[in-house]
Every structure is written in structure tokens, then in C-alpha cells.
file query-v9.csv (CSV, C-alpha atoms)
chain,number,residue,atom,x,y,z
N,1,MET,CA,-3.9,23.0,-6.1
N,2,GLN,CA,-4.3,24.7,-9.5
N,3,ARG,CA,-3.2,28.0,-8.0
N,4,CYS,CA,-0.1,26.5,-6.5
N,5,LEU,CA,1.0,25.2,-9.9
N,6,SER,CA,1.7,28.8,-11.0
N,7,LEU,CA,4.4,29.3,-8.2
N,8,HIS,CA,7.9,30.1,-9.3
N,9,LEU,CA,9.6,27.5,-7.1
N,10,PRO,CA,13.3,26.8,-7.0
N,11,ALA,CA,14.5,24.6,-9.9
N,12,THR,CA,15.9,22.0,-7.4
N,13,TRP,CA,12.4,21.3,-6.0
N,14,GLU,CA,10.3,18.5,-7.4
N,15,VAL,CA,6.7,18.8,-6.3
N,16,ARG,CA,5.1,15.4,-5.6
N,17,SER,CA,1.7,16.5,-4.3
N,18,GLY,CA,0.0,19.7,-3.1
N,19,ALA,CA,-3.2,21.3,-1.9
N,20,TYR,CA,-4.5,24.9,-1.6
N,21,ALA,CA,-6.3,25.3,1.7
N,22,ASP,CA,-6.2,27.1,5.0
N,23,VAL,CA,-4.0,24.7,7.0
N,24,THR,CA,-2.7,27.3,9.5
N,25,GLY,CA,-6.2,28.6,10.5
N,26,ASP,CA,-5.4,32.2,9.8
N,27,GLY,CA,-8.4,32.6,7.5
N,28,SER,CA,-6.6,32.6,4.2
N,29,PRO,CA,-5.4,29.6,2.1
N,30,GLU,CA,-1.8,28.4,1.7
N,31,CYS,CA,-0.1,26.2,-0.8
N,32,VAL,CA,0.9,23.0,1.1
N,33,LEU,CA,3.4,21.0,-1.0
N,34,SER,CA,5.2,17.8,-0.7
N,35,VAL,CA,8.6,18.5,-2.3
N,36,TRP,CA,11.9,16.7,-2.9
N,37,ARG,CA,15.0,18.8,-2.8
N,38,PRO,CA,18.7,18.3,-2.2
N,39,TRP,CA,19.2,17.3,1.4
N,40,GLN,CA,20.6,19.9,3.8
N,41,ASP,CA,21.4,19.4,7.4
N,42,TRP,CA,20.1,21.7,10.1
N,43,PRO,CA,22.1,25.0,10.2
N,44,ILE,CA,22.9,24.4,13.9
N,45,ALA,CA,24.7,21.2,13.0
N,46,ARG,CA,27.9,23.1,12.2
N,47,TRP,CA,28.4,23.8,15.9
N,48,THR,CA,28.2,20.2,17.1
N,49,ALA,CA,30.3,17.1,16.3
N,50,ARG,CA,27.3,14.7,16.8
N,51,PRO,CA,25.2,13.8,13.8
N,52,THR,CA,21.7,15.3,13.7
N,53,PRO,CA,18.6,13.2,13.8
N,54,ILE,CA,17.9,13.9,10.1
N,55,ILE,CA,21.2,12.7,8.8
N,56,ARG,CA,19.7,9.5,7.2
N,57,ASN,CA,16.5,11.2,5.9
N,58,ARG,CA,17.5,11.2,2.3
N,59,ASP,CA,17.7,8.9,-0.7
N,60,ALA,CA,20.8,7.4,-2.4
N,61,GLN,CA,20.9,10.5,-4.7
N,62,GLY,CA,21.1,12.9,-1.8
N,63,ALA,CA,17.5,14.2,-2.0
N,64,SER,CA,15.1,14.5,0.9
N,65,SER,CA,11.3,14.9,1.2
N,66,HIS,CA,9.8,18.0,2.9
N,67,ILE,CA,6.4,19.7,3.5
N,68,ALA,CA,6.3,23.3,2.5
N,69,VAL,CA,3.6,25.8,3.5
N,70,LEU,CA,3.7,28.8,1.2
N,71,LYS,CA,1.5,32.0,0.9
N,72,LEU,CA,0.7,32.7,-2.8
N,73,LEU,CA,1.6,36.3,-3.8
N,74,GLN,CA,1.2,38.0,-7.2
N,75,ASP,CA,2.7,36.7,-10.4
N,76,GLY,CA,3.8,33.3,-9.1
N,77,ALA,CA,5.8,34.8,-6.2
N,78,PHE,CA,5.4,33.3,-2.7
N,79,ARG,CA,6.2,33.9,0.9
N,80,SER,CA,7.4,30.9,2.9
N,81,VAL,CA,5.3,30.3,6.0
N,82,TRP,CA,7.1,27.2,7.0
N,83,MET,CA,9.4,24.5,5.5
N,84,GLY,CA,9.8,21.3,7.4
N,85,SER,CA,13.1,19.4,8.0
N,86,ALA,CA,13.9,16.3,5.9
N,87,LEU,CA,11.0,13.9,6.7
N,88,PHE,CA,11.6,10.5,8.3
N,89,GLN,CA,9.1,9.0,5.8
N,90,PRO,CA,8.8,10.8,2.5
N,91,VAL,CA,5.3,12.0,1.5
N,92,THR,CA,4.1,10.8,-1.9
N,93,ALA,CA,0.6,12.4,-1.6
N,94,LEU,CA,-1.2,14.8,0.6
N,95,LYS,CA,-4.7,16.3,1.1
N,96,ILE,CA,-6.1,18.9,3.5
N,97,LEU,CA,-9.3,17.6,5.2
N,98,PRO,CA,-12.2,20.0,5.8
N,99,ASP,CA,-11.2,20.6,9.4
N,100,GLY,CA,-7.6,21.7,8.3
N,101,THR,CA,-6.0,18.4,9.1
N,102,LEU,CA,-3.1,17.4,6.8
N,103,ALA,CA,-3.5,13.8,5.6
N,104,THR,CA,-0.3,12.3,4.1
N,105,LEU,CA,0.6,9.0,2.3
N,106,GLU,CA,4.1,8.1,3.1
N,107,THR,CA,6.8,5.8,1.7
N,108,THR,CA,10.4,5.1,2.6
N,109,TYR,CA,13.6,6.6,1.1
N,110,ARG,CA,14.7,3.1,0.1
N,111,ARG,CA,11.5,2.7,-2.0
N,112,GLY,CA,12.1,6.1,-3.6
N,113,ARG,CA,9.9,9.1,-4.4
N,114,TYR,CA,7.6,7.0,-6.5
N,115,GLY,CA,7.5,4.1,-4.0
N,116,ALA,CA,4.4,2.4,-2.7
N,117,GLY,CA,2.9,3.8,0.5
N,118,VAL,CA,3.7,2.3,3.9
N,119,ALA,CA,1.8,4.6,6.2
N,120,GLN,CA,-1.0,7.2,6.2
N,121,SER,CA,-0.6,10.0,8.7
N,122,TYR,CA,-2.7,12.8,10.0
N,123,TRP,CA,-1.2,16.1,11.1
N,124,LYS,CA,-2.5,19.3,12.7
N,125,TRP,CA,-0.9,22.8,12.5
N,126,THR,CA,0.6,23.8,15.9
N,127,GLY,CA,1.6,27.4,15.1
N,128,PHE,CA,5.1,26.4,14.0
N,129,GLY,CA,4.9,23.2,12.0
N,130,PHE,CA,2.7,20.1,12.3
N,131,GLY,CA,2.0,17.8,15.2
N,132,LEU,CA,1.3,14.2,14.5
N,133,LEU,CA,-2.3,13.1,15.4
N,134,ARG,CA,-2.0,9.5,14.3
N,135,ARG,CA,-0.2,7.2,11.9
N,136,GLU,CA,-1.7,4.1,10.4
N,137,LEU,CA,0.0,1.3,8.4
N,138,VAL,CA,-1.2,1.2,4.8
N,139,GLN,CA,-3.6,-1.6,3.9
N,140,PRO,CA,-3.2,-3.0,0.4
N,141,ASP,CA,-6.4,-1.3,-0.9
N,142,THR,CA,-4.9,2.1,0.2
N,143,LEU,CA,-2.3,1.8,-2.6
N,144,ARG,CA,-5.1,2.1,-5.2
N,145,ARG,CA,-6.6,5.2,-3.6
N,146,THR,CA,-6.1,8.6,-5.2
N,147,PRO,CA,-4.8,11.6,-3.2
N,148,SER,CA,-8.4,13.0,-3.2
N,149,GLU,CA,-9.5,9.8,-1.3
N,150,LEU,CA,-6.9,10.3,1.5
N,151,GLY,CA,-8.6,10.9,4.8
N,152,LYS,CA,-11.8,9.0,4.0
N,153,ARG,CA,-12.3,6.4,6.7
N,154,ARG,CA,-13.2,3.0,5.5
N,155,THR,CA,-15.8,1.1,7.5
N,156,LYS,CA,-15.9,-2.7,7.8
N,157,GLU,CA,-19.0,-4.4,6.5
N,158,PRO,CA,-20.8,-6.8,8.9
call {"tool": "encode", "arguments": {"input": "query-v9.csv", "output": "C-alpha cells"}}
result
Amino acid sequence: MQRCLSLHLPATWEVRSGAYADVTGDGSPECVLSVWRPWQDWPIARWTARPTPIIRNRDAQGASSHIAVLKLLQDGAFRSVWMGSALFQPVTALKILPDGTLATLETTYRRGRYGAGVAQSYWKWTGFGFGLLRRELVQPDTLRRTPSELGKRRTKEP
């Protein structure tokens, strides 16, 4: 993640969490960031009268949570590999597991960008975005876990 901190990101982005790892499977690492930015509807929405599915994916201040996958270039520049739509459940922390799986800790827009987690999800790169592998409700002890502990499976003691 240290390398990703040198990126010259848009001033409207607030990075909540990030990782530097090969999440796309192309052999070179990417900066994978959980960011908040001003909400924007899908560009295609201008051609339809019906609201899009992401219309409520924002907080009271009009900001939404996104996952960004960026290739680090020279001098803090980057190339966008992929930027997800406004998430249904905002990501407060993320980690890339050794097999390239994206593990996320999620909250709700009502709780806000610093809100307690409600779910832990696991995602795999599909070639264009991430596909959900599984989502688990957060147990009370998960809230005390650090982003580096995301993805570690807890075992029950006999």
C-alpha cells in the first residue's frame, strides 16, 4: 500500500483503505483502493426515465463508496484499470489475500464512512470487475480486527 500513497489522485477522492497486489492476475501489481467520491449516476442514465439501481448508493452528503483498480506509473501518475459503480455497501477496509481474492469489510451509508462493519465479503476478479464469492455477516469480534486480519478464518474451539 505504501506505493499507492504516492498517487496523485483527484482531490475529491477520500481513500479509506488500499492494497498493492496483483488482483487482476496479469502478473503485475495494482493499487486497489476503497474510495469515497461525489456520487455520479451511470452515464447511460440520461437516456432513460427510470432510476438506476445505484440511485440510493450514497450518503446524506452525496458521496458514494467505490473500489478502484489502478496501475501505478511514474511520478505518482496512474492508469485506471477499473472503477466500480457506487457500492451498495460502502467498503471501510480491504485486503488482497495471497490467491488474489479481494476481502472487504463493509458498512452502510446510514452508518457513514467511519461506521462499524456489517459484512465481510470476498471477491474475485472476473476480467471486468469483481464477482462476489461470498458475504458473511460481521460477528462482534470482527469489529476489533485490523485490515491486515481480514480474510483470516476463525475456527471454533471444541
call {"tool": "atom_distance", "arguments": {"input": "query-v9.csv", "atom1": "CA of Trp125 in chain N", "atom2": "CA of Asp75 in chain N"}}
result
27.0 Å
call {"tool": "atom_distance", "arguments": {"input": "query-v9.csv", "atom1": "CA of Gly131 in chain N", "atom2": "CA of Thr24 in chain N"}}
result
12.0 Å
call {"tool": "closest_residue", "arguments": {"input": "query-v9.csv", "among": "N:Gln40, N:Ser121, N:Ser28, N:Thr48", "to": "Leu94 in chain N", "atoms": "only C-alpha atoms"}}
result
N:Ser121
call {"tool": "atom_distance", "arguments": {"input": "query-v9.csv", "atom1": "CA of Trp123 in chain N", "atom2": "CA of Val15 in chain N"}}
result
19.3 Å
call {"tool": "residues_around", "arguments": {"input": "query-v9.csv", "residues": "Trp82 in chain N", "least_positions_apart": "6", "cutoff": "8 Å", "atoms": "all atoms listed in the file", "output": "list in words"}}
result
Ala68, Val69, Leu70, Phe128 and Gly129 of chain N
